[in-house]
Each structure stands twice: as structure tokens, then as C-alpha cells.
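Shown next: protein28.json, containing JSON, C-alpha atoms.
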[["chain", "number", "residue", "atom", "x", "y", "z"],
["G", 1, "MET", "CA", -92.59, -48.79, -55.54],
["G", 2, "HIS", "CA", -89.43, -49.20, -53.49],
["G", 3, "LYS", "CA", -87.21, -48.60, -56.54],
["G", 4, "ALA", "CA", -89.25, -45.52, -57.43],
["G", 5, "LEU", "CA", -88.75, -44.09, -53.96],
["G", 6, "VAL", "CA", -85.03, -44.74, -54.16],
["G", 7, "PHE", "CA", -84.90, -43.00, -57.55],
["G", 8, "LEU", "CA", -86.78, -39.97, -56.23],
["G", 9, "SER", "CA", -84.46, -39.81, -53.24],
["G", 10, "CYS", "CA", -81.46, -39.78, -55.55],
["G", 11, "VAL", "CA", -83.00, -37.01, -57.65],
["G", 12, "ALA", "CA", -83.67, -34.99, -54.51],
["G", 13, "ALA", "CA", -80.08, -35.46, -53.40],
["G", 14, "VAL", "CA", -78.81, -34.16, -56.74],
["G", 15, "LEU", "CA", -81.09, -31.12, -56.58],
["G", 16, "ALA", "CA", -80.10, -30.40, -52.98],
["G", 17, "GLN", "CA", -76.44, -29.63, -53.68],
["G", 18, "ASP", "CA", -74.95, -27.05, -51.38],
["G", 19, "PRO", "CA", -75.15, -23.53, -52.81],
["G", 20, "VAL", "CA", -72.00, -21.56, -53.53],
["G", 21, "LYS", "CA", -71.35, -19.42, -50.46],
["G", 22, "ILE", "CA", -70.21, -15.85, -51.03],
["G", 23, "HIS", "CA", -69.23, -13.70, -48.05],
["G", 24, "LEU", "CA", -68.47, -10.07, -48.84],
["G", 25, "TYR", "CA", -66.76, -7.66, -46.45],
["G", 26, "TYR", "CA", -66.94, -4.17, -47.87],
["G", 27, "GLU", "CA", -67.42, -0.40, -47.38],
["G", 28, "THR", "CA", -70.35, 1.58, -48.74],
["G", 29, "LEU", "CA", -68.18, 4.37, -50.21],
["G", 30, "CYS", "CA", -65.25, 2.29, -51.46],
["G", 31, "PRO", "CA", -65.40, 2.53, -55.28],
["G", 32, "TYR", "CA", -64.08, -1.01, -55.72],
["G", 33, "SER", "CA", -66.71, -2.36, -53.30],
["G", 34, "ILE", "CA", -69.44, -0.45, -55.13],
["G", 35, "ASP", "CA", -68.28, -1.72, -58.50],
["G", 36, "PHE", "CA", -68.25, -5.31, -57.28],
["G", 37, "VAL", "CA", -71.75, -5.19, -55.80],
["G", 38, "VAL", "CA", -73.37, -3.28, -58.67],
["G", 39, "ASP", "CA", -71.51, -4.87, -61.61],
["G", 40, "GLN", "CA", -70.88, -8.42, -60.36],
["G", 41, "LEU", "CA", -72.63, -9.52, -57.18],
["G", 42, "TYR", "CA", -76.12, -8.19, -57.80],
["G", 43, "PRO", "CA", -76.37, -9.17, -61.50],
["G", 44, "THR", "CA", -75.02, -12.65, -60.70],
["G", 45, "TRP", "CA", -77.47, -12.96, -57.81],
["G", 46, "THR", "CA", -80.43, -12.07, -60.03],
["G", 47, "GLU", "CA", -79.48, -14.93, -62.37],
["G", 48, "LEU", "CA", -78.11, -17.55, -59.98],
["G", 49, "LYS", "CA", -79.71, -16.94, -56.58],
["G", 50, "ASP", "CA", -81.01, -20.53, -56.53],
["G", 51, "ILE", "CA", -77.43, -21.82, -56.29],
["G", 52, "MET", "CA", -75.96, -19.01, -54.16],
["G", 53, "GLU", "CA", -75.82, -18.20, -50.47],
["G", 54, "VAL", "CA", -74.75, -14.59, -49.91],
["G", 55, "GLU", "CA", -73.96, -12.65, -46.75],
["G", 56, "MET", "CA", -72.60, -9.10, -46.67],
["G", 57, "PHE", "CA", -70.68, -7.37, -43.88],
["G", 58, "PRO", "CA", -70.53, -3.56, -44.17],
["G", 59, "PHE", "CA", -67.46, -2.51, -42.18],
["G", 60, "GLY", "CA", -64.10, -2.99, -43.91],
["G", 61, "ASN", "CA", -61.29, -0.64, -42.87],
["G", 62, "ALA", "CA", -63.37, 1.17, -40.24],
["G", 63, "ARG", "CA", -62.49, 1.52, -36.56],
["G", 64, "TYR", "CA", -64.65, 1.64, -33.45],
["G", 65, "SER", "CA", -64.35, 2.77, -29.84],
["G", 66, "PRO", "CA", -66.72, 2.80, -26.83],
["G", 67, "ASP", "CA", -68.90, 5.91, -26.62],
["G", 68, "GLY", "CA", -71.30, 6.11, -23.66],
["G", 69, "GLU", "CA", -73.79, 3.28, -23.96],
["G", 70, "GLY", "CA", -72.87, 2.68, -27.59],
["G", 71, "TRP", "CA", -70.02, 3.00, -30.05],
["G", 72, "ALA", "CA", -68.26, 5.64, -32.12],
["G", 73, "PHE", "CA", -66.94, 4.80, -35.58],
["G", 74, "SER", "CA", -64.25, 6.16, -37.85],
["G", 75, "CYS", "CA", -64.39, 5.10, -41.49],
["G", 76, "GLN", "CA", -61.86, 5.18, -44.32],
["G", 77, "HIS", "CA", -64.05, 7.41, -46.49],
["G", 78, "GLY", "CA", -65.46, 9.58, -43.74],
["G", 79, "ALA", "CA", -68.63, 9.96, -41.68],
["G", 80, "ASP", "CA", -70.96, 9.36, -44.64],
["G", 81, "GLU", "CA", -69.43, 5.92, -45.11],
["G", 82, "CYS", "CA", -70.05, 5.12, -41.45],
["G", 83, "LYS", "CA", -73.68, 6.14, -41.95],
["G", 84, "GLY", "CA", -73.99, 4.04, -45.11],
["G", 85, "ASN", "CA", -72.47, 1.05, -43.34],
["G", 86, "MET", "CA", -74.92, 1.47, -40.46],
["G", 87, "ILE", "CA", -77.90, 1.77, -42.83],
["G", 88, "HIS", "CA", -76.96, -1.62, -44.25],
["G", 89, "ALA", "CA", -76.35, -3.13, -40.81],
["G", 90, "CYS", "CA", -79.80, -1.96, -39.67],
["G", 91, "ALA", "CA", -81.46, -3.17, -42.88],
["G", 92, "LYS", "CA", -79.79, -6.58, -42.60],
["G", 93, "ASP", "CA", -81.09, -7.03, -39.06],
["G", 94, "HIS", "CA", -84.59, -5.67, -39.73],
["G", 95, "PHE", "CA", -85.22, -7.43, -43.06],
["G", 96, "LYS", "CA", -83.83, -10.89, -42.29],
["G", 97, "ASP", "CA", -84.50, -11.59, -45.99],
["G", 98, "ILE", "CA", -81.51, -11.78, -48.33],
["G", 99, "ASN", "CA", -83.64, -11.06, -51.40],
["G", 100, "LEU", "CA", -84.89, -7.80, -49.90],
["G", 101, "GLU", "CA", -81.43, -6.99, -48.56],
["G", 102, "MET", "CA", -79.78, -7.51, -51.95],
["G", 103, "ASP", "CA", -82.31, -5.24, -53.71],
["G", 104, "PHE", "CA", -81.92, -2.57, -51.03],
["G", 105, "VAL", "CA", -78.10, -2.60, -50.96],
["G", 106, "ASN", "CA", -77.87, -2.57, -54.75],
["G", 107, "CYS", "CA", -80.12, 0.49, -54.72],
["G", 108, "LEU", "CA", -77.99, 2.18, -52.04],
["G", 109, "LEU", "CA", -74.70, 1.59, -53.82],
["G", 110, "SER", "CA", -76.13, 2.56, -57.21],
["G", 111, "ALA", "CA", -77.07, 5.96, -55.82],
["G", 112, "GLY", "CA", -74.76, 8.92, -56.14],
["G", 113, "HIS", "CA", -74.74, 9.35, -52.36],
["G", 114, "PRO", "CA", -75.50, 6.09, -50.50],
["G", 115, "ALA", "CA", -75.68, 7.76, -47.07],
["G", 116, "SER", "CA", -78.74, 9.78, -48.11],
["G", 117, "ALA", "CA", -80.38, 7.18, -50.39],
["G", 118, "GLY", "CA", -82.01, 5.16, -47.60],
["G", 119, "PRO", "CA", -85.55, 6.64, -47.86],
["G", 120, "LYS", "CA", -85.59, 6.33, -51.66],
["G", 121, "CYS", "CA", -84.30, 2.75, -51.62],
["G", 122, "ALA", "CA", -86.70, 1.71, -48.84],
["G", 123, "SER", "CA", -89.55, 3.00, -50.99],
["G", 124, "GLU", "CA", -88.23, 1.18, -54.06],
["G", 125, "VAL", "CA", -88.13, -2.19, -52.29],
["G", 126, "GLY", "CA", -91.46, -1.61, -50.52],
["G", 127, "VAL", "CA", -90.43, -1.25, -46.87],
["G", 128, "ASP", "CA", -91.05, 1.43, -44.27],
["G", 129, "TRP", "CA", -88.04, 3.71, -43.82],
["G", 130, "THR", "CA", -89.05, 4.91, -40.35],
["G", 131, "PRO", "CA", -87.81, 1.88, -38.34],
["G", 132, "LEU", "CA", -84.50, 1.95, -40.22],
["G", 133, "ASP", "CA", -84.12, 5.69, -39.63],
["G", 134, "GLU", "CA", -84.75, 5.16, -35.93],
["G", 135, "CYS", "CA", -82.18, 2.37, -35.92],
["G", 136, "ILE", "CA", -79.36, 4.40, -37.49],
["G", 137, "SER", "CA", -80.12, 7.30, -35.14],
["G", 138, "SER", "CA", -79.80, 5.23, -31.97],
["G", 139, "VAL", "CA", -77.61, 2.90, -29.96],
["G", 140, "GLU", "CA", -79.38, 0.04, -31.74],
["G", 141, "GLY", "CA", -77.64, 0.91, -35.00],
["G", 142, "GLN", "CA", -74.31, 1.37, -33.23],
["G", 143, "ASP", "CA", -74.62, -2.05, -31.63],
["G", 144, "LEU", "CA", -75.54, -3.68, -34.94],
["G", 145, "LEU", "CA", -72.56, -2.16, -36.75],
["G", 146, "HIS", "CA", -70.31, -3.15, -33.85],
["G", 147, "GLU", "CA", -71.56, -6.74, -34.21],
["G", 148, "VAL", "CA", -70.54, -6.65, -37.87],
["G", 149, "ALA", "CA", -67.08, -5.46, -36.81],
["G", 150, "LEU", "CA", -66.78, -8.32, -34.33],
["G", 151, "GLN", "CA", -67.75, -10.82, -37.05],
["G", 152, "GLN", "CA", -65.13, -9.33, -39.34],
["G", 153, "GLU", "CA", -62.49, -9.64, -36.63],
["G", 154, "GLN", "CA", -62.94, -13.42, -36.74],
["G", 155, "LEU", "CA", -61.53, -13.58, -40.26],
["G", 156, "SER", "CA", -58.37, -15.60, -40.83],
["G", 157, "PRO", "CA", -56.38, -14.20, -42.51],
["G", 158, "ALA", "CA", -57.37, -10.80, -41.13],
["G", 159, "LEU", "CA", -58.89, -8.34, -43.61],
["G", 160, "TYR", "CA", -56.35, -5.93, -45.09],
["G", 161, "PHE", "CA", -58.29, -4.58, -48.09],
["G", 162, "VAL", "CA", -61.81, -4.37, -49.48],
["G", 163, "PRO", "CA", -63.75, -5.80, -51.15],
["G", 164, "TRP", "CA", -62.76, -8.94, -49.21],
["G", 165, "ILE", "CA", -64.52, -11.81, -50.98],
["G", 166, "ILE", "CA", -64.65, -15.32, -49.58],
["G", 167, "VAL", "CA", -66.00, -18.21, -51.65],
["G", 168, "ASN", "CA", -67.02, -21.43, -49.90],
["G", 169, "ASP", "CA", -65.01, -20.39, -46.83],
["G", 170, "PHE", "CA", -61.82, -19.95, -48.89],
["G", 171, "PHE", "CA", -59.93, -16.69, -49.48],
["G", 172, "SER", "CA", -57.11, -15.78, -51.83],
["G", 173, "GLU", "CA", -56.16, -12.57, -53.62],
["G", 174, "ASP", "CA", -56.28, -14.38, -56.96],
["G", 175, "GLN", "CA", -59.83, -15.51, -56.25],
["G", 176, "VAL", "CA", -60.86, -11.95, -55.35],
["G", 177, "GLY", "CA", -59.57, -10.82, -58.74],
["G", 178, "GLU", "CA", -61.52, -13.60, -60.47],
["G", 179, "CYS", "CA", -64.70, -12.60, -58.64],
["G", 180, "GLN", "CA", -64.24, -8.95, -59.58],
["G", 181, "THR", "CA", -63.76, -9.93, -63.23],
["G", 182, "ASP", "CA", -66.49, -12.56, -63.63],
["G", 183, "LEU", "CA", -68.34, -13.68, -60.51],
["G", 184, "LYS", "CA", -70.88, -15.57, -62.57],
["G", 185, "LYS", "CA", -68.13, -17.77, -63.98],
["G", 186, "VAL", "CA", -66.75, -18.39, -60.48],
["G", 187, "VAL", "CA", -70.17, -19.39, -59.11],
["G", 188, "CYS", "CA", -70.98, -21.66, -62.04],
["G", 189, "GLU", "CA", -67.62, -23.42, -61.80],
["G", 190, "LYS", "CA", -67.83, -23.84, -58.02],
["G", 191, "TYR", "CA", -71.34, -25.28, -58.02],
["G", 192, "LYS", "CA", -71.26, -29.08, -57.68],
["G", 193, "GLY", "CA", -74.81, -29.81, -58.83],
["G", 194, "THR", "CA", -76.38, -29.71, -62.28],
["G", 195, "PRO", "CA", -75.67, -26.19, -63.54],
["G", 196, "PRO", "CA", -78.72, -24.01, -64.24],
["G", 197, "PRO", "CA", -79.35, -22.74, -67.79],
["G", 198, "ALA", "CA", -77.80, -19.36, -66.89],
["G", 199, "CYS", "CA", -74.43, -21.11, -66.64],
["G", 200, "SER", "CA", -74.57, -22.53, -70.17],
["G", 201, "ALA", "CA", -72.67, -19.66, -71.81],
["G", 202, "VAL", "CA", -69.99, -19.41, -69.15],
["G", 203, "GLN", "CA", -67.62, -21.89, -70.81],
["G", 204, "LYS", "CA", -67.36, -19.60, -73.85],
["G", 205, "GLN", "CA", -66.03, -16.71, -71.79],
["G", 206, "THR", "CA", -62.27, -16.45, -71.87],
["G", 207, "ARG", "CA", -61.55, -13.09, -70.20],
["G", 208, "PRO", "CA", -58.42, -13.50, -68.04],
["G", 209, "ALA", "CA", -58.62, -12.49, -64.39],
["G", 210, "PRO", "CA", -56.39, -9.58, -63.32],
["G", 211, "LYS", "CA", -53.15, -10.50, -61.60],
["G", 212, "HIS", "CA", -54.13, -8.40, -58.60],
["G", 213, "PRO", "CA", -57.61, -7.51, -57.33],
["G", 214, "LYS", "CA", -58.84, -3.93, -57.39],
["G", 215, "ARG", "CA", -58.86, -3.02, -53.73],
["G", 216, "SER", "CA", -58.91, -0.32, -51.11],
["G", 217, "PHE", "CA", -56.40, -0.67, -48.26],
["G", 218, "ALA", "CA", -56.66, 0.46, -44.68]]
Step by step, read the file and then write its structure as C-alpha cells.
Amino acid sequence: MHKALVFLSCVAAVLAQDPVKIHLYYETLCPYSIDFVVDQLYPTWTELKDIMEVEMFPFGNARYSPDGEGWAFSCQHGADECKGNMIHACAKDHFKDINLEMDFVNCLLSAGHPASAGPKCASEVGVDWTPLDECISSVEGQDLLHEVALQQEQLSPALYFVPWIIVNDFFSEDQVGECQTDLKKVVCEKYKGTPPPACSAVQKQTRPAPKHPKRSFA
């Protein structure tokens, strides 16, 4: 019995390998950010979510300043981007469920106009739009987006383009390019446990990563 328990403990330890951590700092109207989420992050998540830990930070090259009781924002791609960023910040806080958040953000960024896609995407993922609408129309939403900005300001090195992709707490421009080319391959190679079946075809892929990531500068 003792040996059996030891064996089961070892099996559990193997299965409990740390997931591959992906942190994405992005903008809702940056074409390179949109391409990464829609073409790489979301498809990879749908296949490999059991070995991934994802967190997204919708701010990027934006700026903020105090405004009454809240905050005013200026975004690289205009006011609609600020609204899209705030929609995501509100959704992230209200959902507190990465599965729901991923579905919602993929819907937003797949839309032709993310800033106005909130009601449609809320309906698609089965949540009430009203609390999110109230959030983005109030100081609550401003505070939430400001919190995202403060989190981004802790980055080292400091963000100087988007999408800014960190894997297992490590950043490099080469790695960003690899993630933009084949995130699934990156996740499968970084995972230390027994790879899931979805990783079985990764070794056959030989597409080279670009020398420089596709990016939007401040």
C-alpha cells in the first residue's frame, strides 16, 4: 500500500507541472495585437489551455492623466481604442474567469469595430452587458484601466512596442517574433510536463521565426 501511495504521488507530481505563463500587453486597435490574439493566442488557448496560464493587459502605448475623481486617457489609435481597452479592463474585473475573458476578447478583436462590439460579444459568451456598460461609463472603468497601466509600468524592461509578449516571466524581441509566428510551438516546447496530444505535430513544423517581431511603437 505504501509503495502504491508513493507511485500515485509521483504521478500527481508529473501531472502538476507548472503551466506555461503567457502575459500579453496590447492595444485593442493595434493590428499586430489583433492578429496575435485572433490568429495565435486564442487558437492556441483552445487547444492547450490545460497547460497555459494567460493574463492580458489592455493598455500598451496609451497615456493617462488625473481627471476629477477619475482618469483621462489618450491612446495611440484614438478614443475608440481607449474605449476598447476599458471594455476589456471592465470585463476582466467583472468576469474573473479566464475562459470567459478569452472568449469575450477574441470576439471583440474579431469584430470590425471592437469599441462597439461589446453588447454583441457579451451576448455571444452569455453574460449581461449592462454591468459592463455601466463600468465603462463611470469612474469604475477609469480606475480599472488605470490599474492596468500601473501594472504595465512595473515591466522591466519597460514596454516600447505592442504586442509585448512575456513567456514564463522572460521577454526578448526574438521570443515575441516566435510567438507571433507559432505560439503553439513555443508553448509546447516550454512545457516541462508530458506534452498533451495537441503538441504531437509540433516537431514537424519548421517555419522560421521572423528576425524582428511585427509591432506597433509608441
* Please provide as a count of residues only all residues within 6 Å of stretch 61-70 of chain G, with the sequence filter that same-chain residues fewer than 5 positions apart are discarded (counting all atoms listed in the file). => 5
* Close residues, G:Lys83 itself excluded, 12 Å, only C-alpha atoms, min 3 positions apart in chain, as number ranges by chain -> G: 27-29, 58-59, 62, 72-75, 77-80, 86-90, 108, 113-118, 132-133, 135-138, 141-142, 145
Just the selected residues (C-alpha atoms), exported as a short mmCIF file (atom, residue, chain, number, x, y, z; two decimals), keeping the file's coordinate frame, please.
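Result written to result-v4.cif:
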data_model
loop_
_atom_site.label_atom_id
_atom_site.label_comp_id
_atom_site.auth_asym_id
_atom_site.auth_seq_id
_atom_site.Cartn_x
_atom_site.Cartn_y
_atom_site.Cartn_z
CA GLU G 27 -67.42 -0.40 -47.38
CA THR G 28 -70.35 1.58 -48.74
CA LEU G 29 -68.18 4.37 -50.21
CA PRO G 58 -70.53 -3.56 -44.17
CA PHE G 59 -67.46 -2.51 -42.18
CA ALA G 62 -63.37 1.17 -40.24
CA ALA G 72 -68.26 5.64 -32.12
CA PHE G 73 -66.94 4.80 -35.58
CA SER G 74 -64.25 6.16 -37.85
CA CYS G 75 -64.39 5.10 -41.49
CA HIS G 77 -64.05 7.41 -46.49
CA GLY G 78 -65.46 9.58 -43.74
CA ALA G 79 -68.63 9.96 -41.68
CA ASP G 80 -70.96 9.36 -44.64
CA MET G 86 -74.92 1.47 -40.46
CA ILE G 87 -77.90 1.77 -42.83
CA HIS G 88 -76.96 -1.62 -44.25
CA ALA G 89 -76.35 -3.13 -40.81
CA CYS G 90 -79.80 -1.96 -39.67
CA LEU G 108 -77.99 2.18 -52.04
CA HIS G 113 -74.74 9.35 -52.36
CA PRO G 114 -75.50 6.09 -50.50
CA ALA G 115 -75.68 7.76 -47.07
CA SER G 116 -78.74 9.78 -48.11
CA ALA G 117 -80.38 7.18 -50.39
CA GLY G 118 -82.01 5.16 -47.60
CA LEU G 132 -84.50 1.95 -40.22
CA ASP G 133 -84.12 5.69 -39.63
CA CYS G 135 -82.18 2.37 -35.92
CA ILE G 136 -79.36 4.40 -37.49
CA SER G 137 -80.12 7.30 -35.14
CA SER G 138 -79.80 5.23 -31.97
CA GLY G 141 -77.64 0.91 -35.00
CA GLN G 142 -74.31 1.37 -33.23
CA LEU G 145 -72.56 -2.16 -36.75
#
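Atom pair atom CA of G:Pro197 / atom CA of G:Tyr25 has a distance of 29.0 Å (rounded to one decimal).
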* **For atom CA of G:Val20 and atom CA of G:Leu183, the interatomic separation in Å (one decimal)** =>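 Distance reported for this atom pair: 11.1 Å.
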* Which one of G:Gly126, G:Ala198, G:Asn168, G:Glu81 sits closest to G:Thr46 if you count all atoms listed in the file? ->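 That would be G:Ala198, the residue with the smallest distance to G:Thr46.
The smallest atom-to-atom distance between G:Lys49 and any of G:Cys121, G:Val127, G:Cys82, G:Cys188, using only C-alpha atoms, is found for G:Cys188.
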* Structure fact -> Min atom-atom distance to G:Phe104 from the set G:Met56, G:Val125, G:Leu48, G:Leu41, counting all atoms listed in the file, belongs to G:Val125
Repair of stretch 178-189 of chain G at the level of all heavy atoms, as a compact mmCIF listing (two decimals), in the frame of the given file:
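And here's out.txt as it stands now:
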# COMPACT_ATOMS: atom_id res chain seq x y z
N GLU G 178 -60.62 -12.84 -59.60
CA GLU G 178 -61.52 -13.60 -60.47
C GLU G 178 -62.97 -13.19 -60.23
O GLU G 178 -63.75 -13.06 -61.18
CB GLU G 178 -61.34 -15.09 -60.21
CG GLU G 178 -59.99 -15.64 -60.66
CD GLU G 178 -59.72 -17.04 -60.13
OE1 GLU G 178 -60.59 -17.58 -59.42
OE2 GLU G 178 -58.62 -17.57 -60.40
N CYS G 179 -63.33 -13.00 -58.96
CA CYS G 179 -64.70 -12.60 -58.64
C CYS G 179 -65.01 -11.21 -59.17
O CYS G 179 -66.12 -10.94 -59.65
CB CYS G 179 -64.92 -12.63 -57.13
SG CYS G 179 -64.95 -14.28 -56.41
N GLN G 180 -64.03 -10.30 -59.09
CA GLN G 180 -64.24 -8.95 -59.58
C GLN G 180 -64.34 -8.90 -61.10
O GLN G 180 -64.97 -8.01 -61.66
CB GLN G 180 -63.09 -8.04 -59.11
CG GLN G 180 -63.14 -7.72 -57.63
CD GLN G 180 -61.97 -6.86 -57.20
OE1 GLN G 180 -60.81 -7.27 -57.31
NE2 GLN G 180 -62.26 -5.67 -56.73
N THR G 181 -63.73 -9.88 -61.77
CA THR G 181 -63.76 -9.93 -63.23
C THR G 181 -65.01 -10.63 -63.74
O THR G 181 -65.66 -10.16 -64.68
CB THR G 181 -62.51 -10.66 -63.76
OG1 THR G 181 -61.35 -9.97 -63.32
CG2 THR G 181 -62.53 -10.74 -65.28
N ASP G 182 -65.37 -11.77 -63.13
CA ASP G 182 -66.49 -12.56 -63.63
C ASP G 182 -67.02 -13.47 -62.52
O ASP G 182 -66.71 -14.65 -62.48
CB ASP G 182 -66.05 -13.39 -64.84
CG ASP G 182 -67.24 -13.93 -65.64
OD1 ASP G 182 -68.34 -14.02 -65.07
OD2 ASP G 182 -67.05 -14.25 -66.82
N LEU G 183 -67.80 -12.90 -61.63
CA LEU G 183 -68.34 -13.68 -60.51
C LEU G 183 -69.25 -14.80 -61.00
O LEU G 183 -69.26 -15.89 -60.42
CB LEU G 183 -69.10 -12.77 -59.55
CG LEU G 183 -69.72 -13.47 -58.33
CD1 LEU G 183 -68.63 -14.08 -57.43
CD2 LEU G 183 -70.60 -12.53 -57.54
N LYS G 184 -69.98 -14.55 -62.05
CA LYS G 184 -70.88 -15.57 -62.57
C LYS G 184 -70.10 -16.83 -62.96
O LYS G 184 -70.52 -17.95 -62.66
CB LYS G 184 -71.65 -15.03 -63.79
CG LYS G 184 -72.61 -16.03 -64.41
CD LYS G 184 -73.37 -15.39 -65.57
CE LYS G 184 -74.27 -16.39 -66.26
NZ LYS G 184 -75.01 -15.78 -67.40
N LYS G 185 -68.98 -16.64 -63.60
CA LYS G 185 -68.13 -17.77 -63.98
C LYS G 185 -67.65 -18.52 -62.74
O LYS G 185 -67.65 -19.75 -62.69
CB LYS G 185 -66.95 -17.28 -64.81
CG LYS G 185 -66.02 -18.37 -65.32
CD LYS G 185 -64.98 -17.76 -66.27
CE LYS G 185 -64.13 -18.84 -66.92
NZ LYS G 185 -63.21 -19.46 -65.94
N VAL G 186 -67.23 -17.77 -61.71
CA VAL G 186 -66.75 -18.39 -60.48
C VAL G 186 -67.86 -19.24 -59.85
O VAL G 186 -67.64 -20.38 -59.46
CB VAL G 186 -66.27 -17.32 -59.48
CG1 VAL G 186 -65.96 -17.95 -58.12
CG2 VAL G 186 -65.04 -16.60 -60.02
N VAL G 187 -69.06 -18.67 -59.75
CA VAL G 187 -70.17 -19.39 -59.11
C VAL G 187 -70.54 -20.64 -59.91
O VAL G 187 -70.72 -21.73 -59.34
CB VAL G 187 -71.40 -18.47 -58.96
CG1 VAL G 187 -72.62 -19.26 -58.49
CG2 VAL G 187 -71.09 -17.34 -57.97
N CYS G 188 -70.62 -20.50 -61.21
CA CYS G 188 -70.98 -21.66 -62.04
C CYS G 188 -69.94 -22.76 -61.93
O CYS G 188 -70.28 -23.95 -61.87
CB CYS G 188 -71.15 -21.22 -63.50
SG CYS G 188 -72.63 -20.24 -63.84
N GLU G 189 -68.67 -22.41 -61.89
CA GLU G 189 -67.62 -23.42 -61.80
C GLU G 189 -67.54 -24.06 -60.42
O GLU G 189 -67.17 -25.23 -60.29
CB GLU G 189 -66.28 -22.79 -62.18
CG GLU G 189 -66.18 -22.44 -63.66
CD GLU G 189 -64.84 -21.82 -64.03
OE1 GLU G 189 -64.08 -21.47 -63.10
OE2 GLU G 189 -64.57 -21.70 -65.24
